[in-house]
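Coordinates from structure-v4.txt are shown below (compact mmCIF, C-alpha atoms).
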```
# COMPACT_ATOMS: atom_id res chain seq x y z
CA MET A 1 -58.24 6.20 -20.13
CA SER A 2 -61.54 8.11 -19.76
CA PRO A 3 -63.94 8.41 -22.72
CA GLN A 4 -63.03 12.09 -23.01
CA GLN A 5 -59.34 11.29 -23.38
CA LEU A 6 -60.11 8.63 -25.98
CA ASN A 7 -62.12 11.17 -27.91
CA MET A 8 -59.27 13.68 -27.86
CA ALA A 9 -56.85 11.02 -29.03
CA ALA A 10 -59.18 10.22 -31.91
CA VAL A 11 -59.38 13.91 -32.91
CA GLY A 12 -55.60 14.17 -32.92
CA PHE A 13 -55.30 11.05 -35.00
CA ARG A 14 -57.88 12.35 -37.48
CA ASN A 15 -56.00 15.63 -37.89
CA TRP A 16 -52.80 13.73 -38.49
CA ALA A 17 -54.42 11.52 -41.10
CA ARG A 18 -55.97 14.59 -42.79
CA ALA A 19 -52.62 16.39 -42.90
CA LEU A 20 -51.00 13.30 -44.40
CA SER A 21 -53.58 12.97 -47.18
CA LYS A 22 -54.26 16.63 -48.02
CA GLY A 23 -50.93 18.30 -47.23
CA LYS A 24 -49.23 20.36 -49.98
CA GLN A 25 -45.91 18.50 -49.65
CA PRO A 26 -45.92 14.82 -50.62
CA GLY A 27 -45.28 11.99 -48.16
CA PHE A 28 -43.60 12.32 -44.76
CA SER A 29 -42.88 16.05 -44.82
CA ALA A 30 -46.64 16.62 -44.88
CA LEU A 31 -46.57 15.79 -41.15
CA PHE A 32 -44.43 18.88 -40.41
CA SER A 33 -47.11 21.35 -41.55
CA GLN A 34 -47.35 24.93 -40.38
CA VAL A 35 -50.45 24.14 -38.34
CA ARG A 36 -49.73 24.78 -34.68
CA ALA A 37 -51.94 24.39 -31.61
CA ALA A 38 -53.27 27.63 -30.10
CA SER A 39 -51.71 26.76 -26.72
CA GLY A 40 -48.16 27.56 -27.92
CA PRO A 41 -46.51 30.99 -28.46
CA SER A 42 -47.98 33.22 -31.15
CA LYS A 43 -45.94 34.09 -34.23
CA GLY A 44 -44.93 37.48 -32.77
CA MET A 45 -43.55 35.92 -29.58
CA LEU A 46 -41.09 33.54 -31.25
CA PRO A 47 -37.46 34.53 -31.94
CA GLY A 48 -36.82 36.14 -35.30
CA PRO A 49 -33.84 36.95 -37.52
CA TYR A 50 -30.91 39.07 -36.35
CA PRO A 51 -32.03 42.74 -36.03
CA GLN A 52 -30.42 45.02 -38.59
CA THR A 53 -32.07 48.39 -37.97
CA PRO A 54 -32.61 50.25 -34.68
CA GLU A 55 -36.37 49.80 -35.08
CA GLU A 56 -35.95 46.04 -35.32
CA ARG A 57 -33.77 46.22 -32.19
CA ALA A 58 -36.43 48.14 -30.29
CA ALA A 59 -39.11 45.69 -31.39
CA ALA A 60 -36.96 42.72 -30.38
CA ALA A 61 -36.25 44.31 -26.98
CA LYS A 62 -39.96 44.81 -26.41
CA LYS A 63 -40.64 41.24 -27.46
CA TYR A 64 -38.14 39.90 -24.91
CA ASN A 65 -39.45 42.22 -22.21
CA MET A 66 -36.11 44.08 -21.91
CA ARG A 67 -35.12 47.75 -21.97
CA VAL A 68 -33.69 48.94 -25.30
CA GLU A 69 -30.47 50.00 -23.49
CA ASP A 70 -30.07 46.51 -22.01
CA TYR A 71 -30.94 44.53 -25.11
CA GLU A 72 -27.90 43.11 -26.95
CA PRO A 73 -28.48 40.23 -29.42
CA ILE A 74 -26.07 37.30 -29.58
CA PRO A 75 -23.45 38.17 -32.25
CA ASP A 76 -24.42 36.79 -35.63
CA ASN A 77 -21.81 34.13 -36.41
CA GLY A 78 -23.98 31.98 -38.61
CA GLU A 79 -25.04 29.56 -35.84
CA GLY A 80 -28.64 30.67 -35.99
CA TYR A 81 -29.28 32.41 -32.68
CA GLY A 82 -31.27 35.11 -34.48
CA ASP A 83 -32.29 38.03 -32.29
CA TYR A 84 -32.08 36.12 -29.01
CA PRO A 85 -30.52 38.37 -26.32
CA GLN A 86 -27.03 37.86 -24.96
CA LEU A 87 -27.48 37.61 -21.16
CA PRO A 88 -24.58 37.33 -18.67
CA ASP A 89 -23.38 33.76 -18.12
CA ARG A 90 -24.21 33.75 -14.44
CA SER A 91 -25.90 30.76 -12.83
CA GLN A 92 -28.89 30.99 -10.51
CA HIS A 93 -26.64 30.30 -7.52
CA GLU A 94 -25.39 33.88 -7.69
CA ARG A 95 -28.83 35.42 -7.28
CA ASP A 96 -30.03 36.71 -3.92
CA PRO A 97 -31.43 33.76 -1.93
CA TRP A 98 -33.41 36.04 0.40
CA TYR A 99 -35.28 38.10 -2.22
CA SER A 100 -38.88 36.95 -2.71
CA TRP A 101 -38.72 35.68 -6.27
CA ASP A 102 -41.88 34.67 -8.10
CA HIS A 103 -40.31 31.26 -8.61
CA PRO A 104 -38.09 30.80 -5.53
CA ASP A 105 -36.54 27.55 -6.70
CA LEU A 106 -35.51 29.02 -10.05
CA ARG A 107 -34.77 32.46 -8.48
CA ARG A 108 -36.57 34.10 -11.37
CA ASN A 109 -39.46 36.55 -11.70
CA TRP A 110 -42.36 36.21 -14.12
CA GLY A 111 -41.60 37.69 -17.56
CA GLU A 112 -37.83 37.91 -17.00
CA PRO A 113 -35.81 37.10 -20.14
CA ILE A 114 -34.48 33.55 -20.02
CA HIS A 115 -30.81 32.82 -20.70
CA TRP A 116 -30.08 30.55 -23.68
CA ASP A 117 -28.50 28.01 -21.30
CA PHE A 118 -31.02 28.55 -18.52
CA ASP A 119 -31.51 24.80 -18.02
CA MET A 120 -27.75 24.48 -17.40
CA PHE A 121 -27.65 27.35 -14.89
CA ILE A 122 -30.36 26.06 -12.52
CA ARG A 123 -29.32 25.46 -8.92
CA ASN A 124 -28.89 21.74 -9.37
CA ARG A 125 -26.37 22.14 -12.17
CA VAL A 126 -23.52 24.41 -13.24
CA ASP A 127 -22.47 26.93 -10.57
CA THR A 128 -20.58 30.06 -11.64
CA SER A 129 -20.39 31.68 -8.19
CA PRO A 130 -16.94 32.99 -7.29
CA SER A 131 -14.58 30.80 -5.28
CA PRO A 132 -13.80 31.97 -1.70
CA VAL A 133 -10.13 32.51 -2.60
CA ALA A 134 -8.73 33.58 -5.96
CA TRP A 135 -8.38 30.71 -8.42
CA HIS A 136 -4.63 31.07 -8.91
CA THR A 137 -4.10 31.05 -5.14
CA MET A 138 -6.07 27.83 -4.81
CA CYS A 139 -4.06 26.24 -7.63
CA LYS A 140 -0.79 27.33 -6.04
CA HIS A 141 -1.75 25.92 -2.66
CA LEU A 142 -3.00 22.59 -4.02
CA PHE A 143 -0.18 21.88 -6.43
CA GLY A 144 2.36 23.20 -3.98
CA PHE A 145 1.19 20.81 -1.30
CA VAL A 146 0.90 17.82 -3.63
CA GLY A 147 4.31 18.54 -5.14
CA PHE A 148 5.86 18.88 -1.71
CA MET A 149 4.39 15.57 -0.56
CA LEU A 150 5.60 13.82 -3.72
CA LEU A 151 9.07 15.22 -3.16
CA MET A 152 9.14 14.08 0.46
CA PHE A 153 7.94 10.56 -0.42
CA TYR A 154 10.60 10.36 -3.12
CA LEU A 155 13.27 11.40 -0.63
CA GLY A 156 11.91 8.83 1.80
CA GLU A 157 12.42 6.12 -0.82
CA LYS A 158 15.91 7.35 -1.67
CA PHE A 159 17.05 7.73 1.97
CA PRO A 160 15.02 5.25 4.00
CA SER A 161 14.96 5.38 7.79
CA TYR A 162 15.90 2.14 9.58
CA GLN A 163 17.03 0.87 12.97
CA PRO A 164 20.80 0.31 13.39
CA VAL A 165 20.50 -3.49 13.61
CA ALA A 166 21.80 -6.31 11.47
CA PRO A 167 19.19 -8.40 9.61
CA LYS A 168 17.40 -11.08 11.64
CA GLN A 169 19.09 -14.49 11.67
CA TYR A 170 17.03 -17.58 10.90
CA PRO A 171 18.10 -21.22 11.46
CA TYR A 172 18.16 -24.19 9.05
CA SER A 173 19.93 -22.34 6.24
CA ASN A 174 17.61 -19.33 6.41
CA LEU A 175 14.56 -21.63 6.56
CA HIS A 176 15.40 -23.13 3.20
CA LEU A 177 12.66 -25.79 3.31
CA GLU A 178 10.09 -23.65 5.13
CA ARG A 179 10.27 -21.03 2.39
CA GLY A 180 9.31 -23.67 -0.13
CA GLU A 181 12.65 -23.85 -1.97
CA ASP A 182 13.72 -27.00 -3.80
CA PRO A 183 14.22 -29.78 -1.18
CA GLU A 184 16.71 -31.64 -3.45
CA LYS A 185 19.00 -28.64 -3.92
CA GLN A 186 21.65 -28.38 -1.19
CA PRO A 187 21.39 -24.92 0.38
CA GLU A 188 24.56 -22.93 1.03
CA GLU A 189 25.93 -23.41 4.53
CA VAL A 190 24.91 -20.52 6.80
CA LYS A 191 26.45 -20.24 10.26
CA HIS A 192 25.16 -17.96 12.98
CA PHE A 193 27.15 -17.11 16.10
CA ASN A 194 26.47 -15.65 19.47
CA ILE A 195 27.93 -12.22 20.12
CA MET B 1 18.44 7.87 18.09
CA GLY B 2 19.07 8.49 14.45
CA ALA B 3 22.76 9.29 14.65
CA HIS B 4 23.38 6.32 12.38
CA LEU B 5 21.20 7.92 9.71
CA ALA B 6 23.19 11.15 9.89
CA ARG B 7 26.38 9.10 9.64
CA ARG B 8 25.09 7.00 6.77
CA TYR B 9 23.72 9.80 4.60
CA ILE B 10 25.84 12.84 5.51
CA THR B 11 29.10 12.42 7.41
CA GLU B 12 30.51 8.89 7.00
CA THR B 13 28.84 7.64 3.84
CA GLU B 14 31.53 5.05 3.00
CA THR B 15 31.91 3.29 6.34
CA GLU B 16 28.40 3.19 7.78
CA PRO B 17 27.01 -0.30 7.03
CA ASP B 18 23.89 -0.77 4.92
CA PRO B 19 21.67 -3.44 6.57
CA ALA B 20 20.18 -4.37 3.20
CA LYS B 21 23.55 -5.63 1.96
CA PRO B 22 25.18 -8.79 3.42
CA PHE B 23 27.99 -8.19 5.92
CA GLY B 24 31.21 -9.30 4.28
CA PHE B 25 33.73 -9.69 7.09
CA ASP B 26 34.84 -13.08 8.46
CA PRO B 27 32.64 -13.90 11.49
CA GLU B 28 35.60 -15.27 13.50
CA PHE B 29 37.78 -12.19 12.91
CA GLY B 30 38.70 -10.49 16.19
CA PHE B 31 37.39 -13.29 18.40
CA ASP B 32 39.43 -16.00 20.17
CA GLU B 33 36.55 -18.40 19.83
CA ARG B 34 32.91 -17.94 18.98
CA LYS B 35 30.07 -20.20 20.02
CA GLU B 36 27.50 -21.10 17.42
CA ARG B 37 23.87 -20.27 18.07
CA GLU B 38 22.01 -23.41 18.86
CA MET B 39 18.53 -24.08 17.59
CA VAL B 40 16.44 -25.93 20.18
CA ALA B 41 13.20 -26.65 18.34
CA SER B 42 13.52 -29.07 15.42
CA GLN B 43 11.86 -28.48 12.05
CA ALA B 44 9.44 -31.34 12.71
CA GLN B 45 8.40 -29.86 16.04
CA MET B 46 7.86 -26.41 14.51
CA ASN B 47 5.77 -27.96 11.75
CA LEU B 48 3.61 -29.84 14.25
CA ALA B 49 3.06 -26.68 16.31
CA GLN B 50 2.20 -24.74 13.10
CA VAL B 51 4.50 -21.87 14.00
CA PRO B 52 4.28 -19.05 11.41
CA VAL B 53 7.32 -19.01 9.12
CA LEU B 54 8.52 -15.56 10.20
CA GLN B 55 8.52 -16.64 13.84
CA ARG B 56 10.66 -19.75 13.28
CA ASP B 57 13.77 -18.12 14.68
CA TYR B 58 16.16 -19.08 17.47
CA CYS B 59 13.46 -18.40 20.11
CA ALA B 60 10.86 -20.74 18.59
CA HIS B 61 11.07 -23.24 21.48
CA HIS B 62 9.89 -20.56 23.91
CA LEU B 63 7.12 -19.63 21.52
CA ILE B 64 5.94 -23.23 21.26
CA LYS B 65 5.85 -23.49 25.07
CA LEU B 66 3.85 -20.26 25.19
CA MET B 67 1.39 -21.46 22.53
CA LYS B 68 0.85 -24.70 24.44
CA CYS B 69 0.32 -22.84 27.72
CA LYS B 70 -2.24 -20.50 26.11
CA ARG B 71 -4.04 -23.40 24.48
CA ASP B 72 -4.27 -25.25 27.80
CA ASN B 73 -5.38 -22.25 29.87
CA TRP B 74 -7.95 -20.69 27.58
CA PRO B 75 -10.16 -18.61 28.41
CA ASN B 76 -7.82 -17.36 31.16
CA PHE B 77 -5.81 -14.98 29.00
CA LEU B 78 -3.79 -13.77 32.02
CA ALA B 79 -2.33 -17.19 32.76
CA CYS B 80 0.91 -17.50 30.76
CA LYS B 81 2.94 -14.58 32.10
CA HIS B 82 6.03 -16.67 32.83
CA GLU B 83 6.18 -18.30 29.39
CA ARG B 84 5.51 -15.00 27.69
CA HIS B 85 8.31 -13.37 29.63
CA ASP B 86 10.71 -16.15 28.68
CA TRP B 87 9.89 -15.73 25.01
CA ASP B 88 10.10 -11.93 25.23
CA TYR B 89 13.46 -12.12 26.97
CA CYS B 90 14.82 -14.45 24.32
CA GLU B 91 13.61 -12.12 21.55
CA HIS B 92 15.12 -9.16 23.40
CA GLN B 93 18.50 -10.87 23.57
CA ASP B 94 18.22 -11.70 19.88
CA TYR B 95 17.60 -8.01 19.13
CA VAL B 96 20.56 -6.95 21.27
CA MET B 97 22.72 -9.40 19.32
CA ARG B 98 21.54 -7.78 16.10
CA MET B 99 22.53 -4.37 17.44
CA LYS B 100 25.95 -5.70 18.42
CA GLU B 101 26.42 -7.26 14.97
CA TYR B 102 25.64 -3.92 13.33
CA GLU B 103 28.09 -2.12 15.59
CA ARG B 104 30.77 -4.76 14.93
CA GLU B 105 30.32 -4.31 11.20
CA ARG B 106 30.57 -0.56 11.56
CA ARG B 107 33.80 -0.72 13.57
CA LEU B 108 35.33 -3.18 11.13
CA GLN B 109 34.49 -0.85 8.25
CA MET B 110 36.11 2.08 10.02
CA ARG B 111 39.17 0.00 10.81
CA LYS B 112 39.40 -1.04 7.16
CA LYS B 113 39.27 2.60 6.12
CA ARG B 114 41.98 3.56 8.63
CA VAL B 115 44.21 0.73 7.37
CA GLU B 116 43.74 1.79 3.74
CA GLU B 117 44.52 5.41 4.56
CA ALA B 118 47.62 4.39 6.49
CA GLN B 119 48.77 2.28 3.53
CA ALA B 120 48.09 5.05 1.06
CA ALA B 121 50.06 7.56 3.16
```
If you convert what's in this file into structure tokens, what do you get?
Amino acid sequence: MSPQQLNMAAVGFRNWARALSKGKQPGFSALFSQVRAASGPSKGMLPGPYPQTPEERAAAAKKYNMRVEDYEPIPDNGEGYGDYPQLPDRSQHERDPWYSWDHPDLRRNWGEPIHWDFDMFIRNRVDTSPSPVAWHTMCKHLFGFVGFMLLMFYLGEKFPSYQPVAPKQYPYSNLHLERGEDPEKQPEEVKHFNI
Amino acid sequence: MGAHLARRYITETETEPDPAKPFGFDPEFGFDERKEREMVASQAQMNLAQVPVLQRDYCAHHLIKLMKCKRDNWPNFLACKHERHDWDYCEHQDYVMRMKEYERERRLQMRKKRVEEAQAA
């Protein structure tokens, strides 16, 4: 590590030690102080509580860089989404591949509101694009074919196909010794004839 | 080609013989005299030649001759045509005998059914 990096590490360590000794809360919770680095989002940019009034809605829409008509927060069911917008659950596969996006791999433009599950909807992961044929048609075809094949195999077991010949005749009492049967036991007498 | 399957499963389900079950009729029935099949190769000879168990049938002596011929003429794989033909012909006759046995069983079953119907009437 360069001397500059060592210095930075020392500064970070000193801040940590200072927070631990001078923090208002005792012990371990002193580490989770409200001091944040300037590189992160400012207080106004972070999500807030669920908007109650139209003014709060307008402010939240502006914060998320959306039009007021488009902005719809996730319904407040106690799970803590706050004022985060409800965006359609469509993966990035469905977006135009030929449009010149700012980030072509993510198919997203700068400043566009990010879906809650954006990391799930990237092109390497979950794909919500429509199937070429309707889902129920695909199910019908697949299960129909599999069911038909199962039925045919079952019928093939029940009514096997065979050649109209008698079983093959083997000498020496059906190869009693060659099959590894008991050599002491007398095998039943088997006679084969010409026909 | 497959008429026996139609007979077995659709039209004559009682009389068509099932090759999985043993054939119950007396082998001498209907014949004046019947010659027994004779086995030429002995068990010791088949063991020495290491003939596979499923090929130790009534044509094994031809097979042993063929194996010896192939062993002696290797790498000339075209050499043993005569021995191979002998073995094939023996196996063919064995298969024809199997077909005849099946047909015999079938006719005996039909005859049995006719006799029962005549007795019932």
Please build the interface table for chain B against chain A with a cut-off of 10 Å, listing for each qualifying residue the nearest atom pair and the distance in Å to one decimal; count all atoms listed in the file, order rows by chain and increasing number, and write it as a tab-separated table.
```
residue	atom	partner	partner_atom	distance
B:Met1	CA	A:Gln163	CA	8.8
B:Gly2	CA	A:Gln163	CA	8.0
B:Ala3	CA	A:Pro164	CA	9.3
B:His4	CA	A:Pro164	CA	6.6
B:Leu5	CA	A:Ser161	CA	7.0
B:Arg8	CA	A:Phe159	CA	9.4
B:Tyr9	CA	A:Phe159	CA	7.5
B:Glu16	CA	A:Pro164	CA	9.9
B:Pro17	CA	A:Pro164	CA	8.9
B:Asp18	CA	A:Ala166	CA	8.8
B:Pro19	CA	A:Ala166	CA	5.7
B:Ala20	CA	A:Pro167	CA	7.6
B:Lys21	CA	A:Pro167	CA	9.2
B:Pro22	CA	A:Pro167	CA	8.6
B:Phe23	CA	A:Ala166	CA	8.5
B:Pro27	CA	A:Phe193	CA	7.9
B:Glu28	CA	A:Phe193	CA	9.0
B:Phe31	CA	A:Ile195	CA	9.7
B:Arg34	CA	A:Phe193	CA	6.5
B:Lys35	CA	A:Phe193	CA	5.8
B:Glu36	CA	A:Phe193	CA	4.2
B:Arg37	CA	A:Phe193	CA	5.0
B:Glu38	CA	A:Phe193	CA	8.6
B:Met39	CA	A:Pro171	CA	6.8
B:Ser42	CA	A:Tyr172	CA	9.3
B:Gln43	CA	A:Tyr172	CA	8.2
B:Asn47	CA	A:Glu178	CA	9.0
B:Pro52	CA	A:Glu178	CA	9.7
B:Val53	CA	A:Glu178	CA	6.7
B:Leu54	CA	A:Tyr170	CA	8.8
B:Gln55	CA	A:Tyr170	CA	9.1
B:Arg56	CA	A:Tyr170	CA	7.1
B:Asp57	CA	A:Tyr170	CA	5.0
B:Tyr58	CA	A:Pro171	CA	6.7
B:Cys59	CA	A:Tyr170	CA	9.9
B:Asp94	CA	A:Lys168	CA	8.3
B:Tyr95	CA	A:Val165	CA	7.7
B:Val96	CA	A:Val165	CA	8.4
B:Met97	CA	A:Ile195	CA	6.0
B:Arg98	CA	A:Ala166	CA	4.9
B:Met99	CA	A:Val165	CA	4.4
B:Lys100	CA	A:Ile195	CA	7.0
B:Glu101	CA	A:Ala166	CA	5.9
B:Tyr102	CA	A:Ala166	CA	4.9
B:Glu103	CA	A:Val165	CA	8.0
B:Arg104	CA	A:Ile195	CA	9.5
B:Glu105	CA	A:Ala166	CA	8.8
B:Arg106	CA	A:Pro164	CA	10.0
```
Would you place a box with edges along x, y and z of the file around all atoms of region 67-84 of chain A listed there, add 3 Å to each of its six sides, and report the centre and edge lengths in Å to one decimal, as JSON?
```
{"center_x": -28.5, "center_y": 39.8, "center_z": -30.3, "size_x": 19.3, "size_y": 26.4, "size_z": 22.6}
```
What does the distance from CA of Val126 (chain A) to CA of Ser91 (chain A) come to in Å, to one decimal? 6.8 Å
Quote the spacing between CA of Tyr50 (chain A) and CA of Asp83 (chain A) in Å to one decimal place. 4.4 Å
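Proximity ranking of B:Ala118, B:Ala6, B:Cys69, B:Leu63 relative to Asp88 (chain B) places B:Leu63 first, based on all atoms listed in the file.
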Please write as a ChimeraX atom specification the list of polymer residues whose atoms come within 12 Å of (-34.8, 34.6, -10.2), counting all atoms listed in the file and keeping to the coordinates of the file. /A:90-115,118,121-123
So which residues touch region 68-81 of chain A within 9 Å, counting all atoms listed in the file, skipping near sequence neighbours fewer than 2 positions away, as an MDAnalysis selection string? chainID A and resid 47:51 57:62 64 66 83:87
Could you jot down the CA of Glu117 (chain B) to CA of Thr15 (chain B) separation for me, Å, one decimal place?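 Separating CA of Glu117 (chain B) from CA of Thr15 (chain B) is a distance of 12.9 Å.
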Report as a PyMOL selection string all protein, DNA and RNA residues lying within 9 Å of Cys80 (chain B), evaluated on only C-alpha atoms, omitting residues in the same chain fewer than 5 positions from it. chain B and resi 66+69-70+73+85
Any chance you could export the current selection's C-alpha atoms as a JSON list (two decimals), in the frame of the given file?
```json
[["chain", "number", "residue", "atom", "x", "y", "z"],
["B", 66, "LEU", "CA", 3.85, -20.26, 25.19],
["B", 69, "CYS", "CA", 0.32, -22.84, 27.72],
["B", 70, "LYS", "CA", -2.24, -20.50, 26.11],
["B", 73, "ASN", "CA", -5.38, -22.25, 29.87],
["B", 85, "HIS", "CA", 8.31, -13.37, 29.63]]
```
Your completed region 129-147 of chain A with N, CA, C and O atoms, as a PDB file, in the coordinates of the input:
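File produced: out.pdb:
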```
ATOM      1  N   SER A 129     -20.678  30.728  -9.273  1.00  0.00           N
ATOM      2  CA  SER A 129     -20.390  31.680  -8.190  1.00  0.00           C
ATOM      3  C   SER A 129     -18.896  31.713  -7.909  1.00  0.00           C
ATOM      4  O   SER A 129     -18.197  30.735  -8.126  1.00  0.00           O
ATOM      5  N   PRO A 130     -18.398  32.860  -7.451  1.00  0.00           N
ATOM      6  CA  PRO A 130     -16.940  32.990  -7.290  1.00  0.00           C
ATOM      7  C   PRO A 130     -16.431  32.111  -6.160  1.00  0.00           C
ATOM      8  O   PRO A 130     -17.108  31.832  -5.187  1.00  0.00           O
ATOM      9  N   SER A 131     -15.199  31.615  -6.318  1.00  0.00           N
ATOM     10  CA  SER A 131     -14.580  30.800  -5.280  1.00  0.00           C
ATOM     11  C   SER A 131     -14.186  31.688  -4.099  1.00  0.00           C
ATOM     12  O   SER A 131     -13.923  32.867  -4.277  1.00  0.00           O
ATOM     13  N   PRO A 132     -14.109  31.128  -2.869  1.00  0.00           N
ATOM     14  CA  PRO A 132     -13.800  31.970  -1.700  1.00  0.00           C
ATOM     15  C   PRO A 132     -12.428  32.637  -1.787  1.00  0.00           C
ATOM     16  O   PRO A 132     -12.241  33.731  -1.282  1.00  0.00           O
ATOM     17  N   VAL A 133     -11.478  31.953  -2.427  1.00  0.00           N
ATOM     18  CA  VAL A 133     -10.130  32.510  -2.600  1.00  0.00           C
ATOM     19  C   VAL A 133      -9.877  32.575  -4.098  1.00  0.00           C
ATOM     20  O   VAL A 133     -10.451  31.815  -4.849  1.00  0.00           O
ATOM     21  N   ALA A 134      -9.002  33.453  -4.531  1.00  0.00           N
ATOM     22  CA  ALA A 134      -8.730  33.580  -5.960  1.00  0.00           C
ATOM     23  C   ALA A 134      -8.259  32.250  -6.536  1.00  0.00           C
ATOM     24  O   ALA A 134      -7.573  31.472  -5.875  1.00  0.00           O
ATOM     25  N   TRP A 135      -8.653  32.008  -7.797  1.00  0.00           N
ATOM     26  CA  TRP A 135      -8.380  30.710  -8.420  1.00  0.00           C
ATOM     27  C   TRP A 135      -6.897  30.387  -8.443  1.00  0.00           C
ATOM     28  O   TRP A 135      -6.475  29.260  -8.139  1.00  0.00           O
ATOM     29  N   HIS A 136      -6.053  31.370  -8.792  1.00  0.00           N
ATOM     30  CA  HIS A 136      -4.630  31.070  -8.910  1.00  0.00           C
ATOM     31  C   HIS A 136      -4.035  30.760  -7.532  1.00  0.00           C
ATOM     32  O   HIS A 136      -3.117  29.953  -7.409  1.00  0.00           O
ATOM     33  N   THR A 137      -4.587  31.373  -6.496  1.00  0.00           N
ATOM     34  CA  THR A 137      -4.100  31.050  -5.140  1.00  0.00           C
ATOM     35  C   THR A 137      -4.438  29.617  -4.773  1.00  0.00           C
ATOM     36  O   THR A 137      -3.592  28.882  -4.235  1.00  0.00           O
ATOM     37  N   MET A 138      -5.677  29.209  -5.112  1.00  0.00           N
ATOM     38  CA  MET A 138      -6.070  27.830  -4.810  1.00  0.00           C
ATOM     39  C   MET A 138      -5.181  26.847  -5.559  1.00  0.00           C
ATOM     40  O   MET A 138      -4.736  25.836  -4.998  1.00  0.00           O
ATOM     41  N   CYS A 139      -4.919  27.137  -6.835  1.00  0.00           N
ATOM     42  CA  CYS A 139      -4.060  26.240  -7.630  1.00  0.00           C
ATOM     43  C   CYS A 139      -2.677  26.150  -7.017  1.00  0.00           C
ATOM     44  O   CYS A 139      -2.118  25.055  -6.859  1.00  0.00           O
ATOM     45  N   LYS A 140      -2.137  27.320  -6.643  1.00  0.00           N
ATOM     46  CA  LYS A 140      -0.790  27.330  -6.040  1.00  0.00           C
ATOM     47  C   LYS A 140      -0.759  26.468  -4.786  1.00  0.00           C
ATOM     48  O   LYS A 140       0.128  25.635  -4.601  1.00  0.00           O
ATOM     49  N   HIS A 141      -1.744  26.656  -3.922  1.00  0.00           N
ATOM     50  CA  HIS A 141      -1.750  25.920  -2.660  1.00  0.00           C
ATOM     51  C   HIS A 141      -1.840  24.419  -2.911  1.00  0.00           C
ATOM     52  O   HIS A 141      -1.095  23.629  -2.325  1.00  0.00           O
ATOM     53  N   LEU A 142      -2.783  24.024  -3.802  1.00  0.00           N
ATOM     54  CA  LEU A 142      -3.000  22.590  -4.020  1.00  0.00           C
ATOM     55  C   LEU A 142      -1.772  21.938  -4.633  1.00  0.00           C
ATOM     56  O   LEU A 142      -1.248  20.945  -4.122  1.00  0.00           O
ATOM     57  N   PHE A 143      -1.295  22.522  -5.752  1.00  0.00           N
ATOM     58  CA  PHE A 143      -0.180  21.880  -6.430  1.00  0.00           C
ATOM     59  C   PHE A 143       1.100  21.986  -5.625  1.00  0.00           C
ATOM     60  O   PHE A 143       1.962  21.091  -5.671  1.00  0.00           O
ATOM     61  N   GLY A 144       1.215  23.090  -4.856  1.00  0.00           N
ATOM     62  CA  GLY A 144       2.360  23.200  -3.980  1.00  0.00           C
ATOM     63  C   GLY A 144       2.396  22.090  -2.950  1.00  0.00           C
ATOM     64  O   GLY A 144       3.419  21.424  -2.760  1.00  0.00           O
ATOM     65  N   PHE A 145       1.248  21.860  -2.307  1.00  0.00           N
ATOM     66  CA  PHE A 145       1.190  20.810  -1.300  1.00  0.00           C
ATOM     67  C   PHE A 145       1.438  19.433  -1.898  1.00  0.00           C
ATOM     68  O   PHE A 145       2.230  18.642  -1.389  1.00  0.00           O
ATOM     69  N   VAL A 146       0.748  19.143  -3.018  1.00  0.00           N
ATOM     70  CA  VAL A 146       0.900  17.820  -3.630  1.00  0.00           C
ATOM     71  C   VAL A 146       2.343  17.606  -4.087  1.00  0.00           C
ATOM     72  O   VAL A 146       2.927  16.539  -3.879  1.00  0.00           O
ATOM     73  N   GLY A 147       2.923  18.660  -4.692  1.00  0.00           N
ATOM     74  CA  GLY A 147       4.310  18.540  -5.140  1.00  0.00           C
ATOM     75  C   GLY A 147       5.260  18.321  -3.981  1.00  0.00           C
ATOM     76  O   GLY A 147       6.167  17.483  -4.051  1.00  0.00           O
TER      77      GLY A 147
END
```
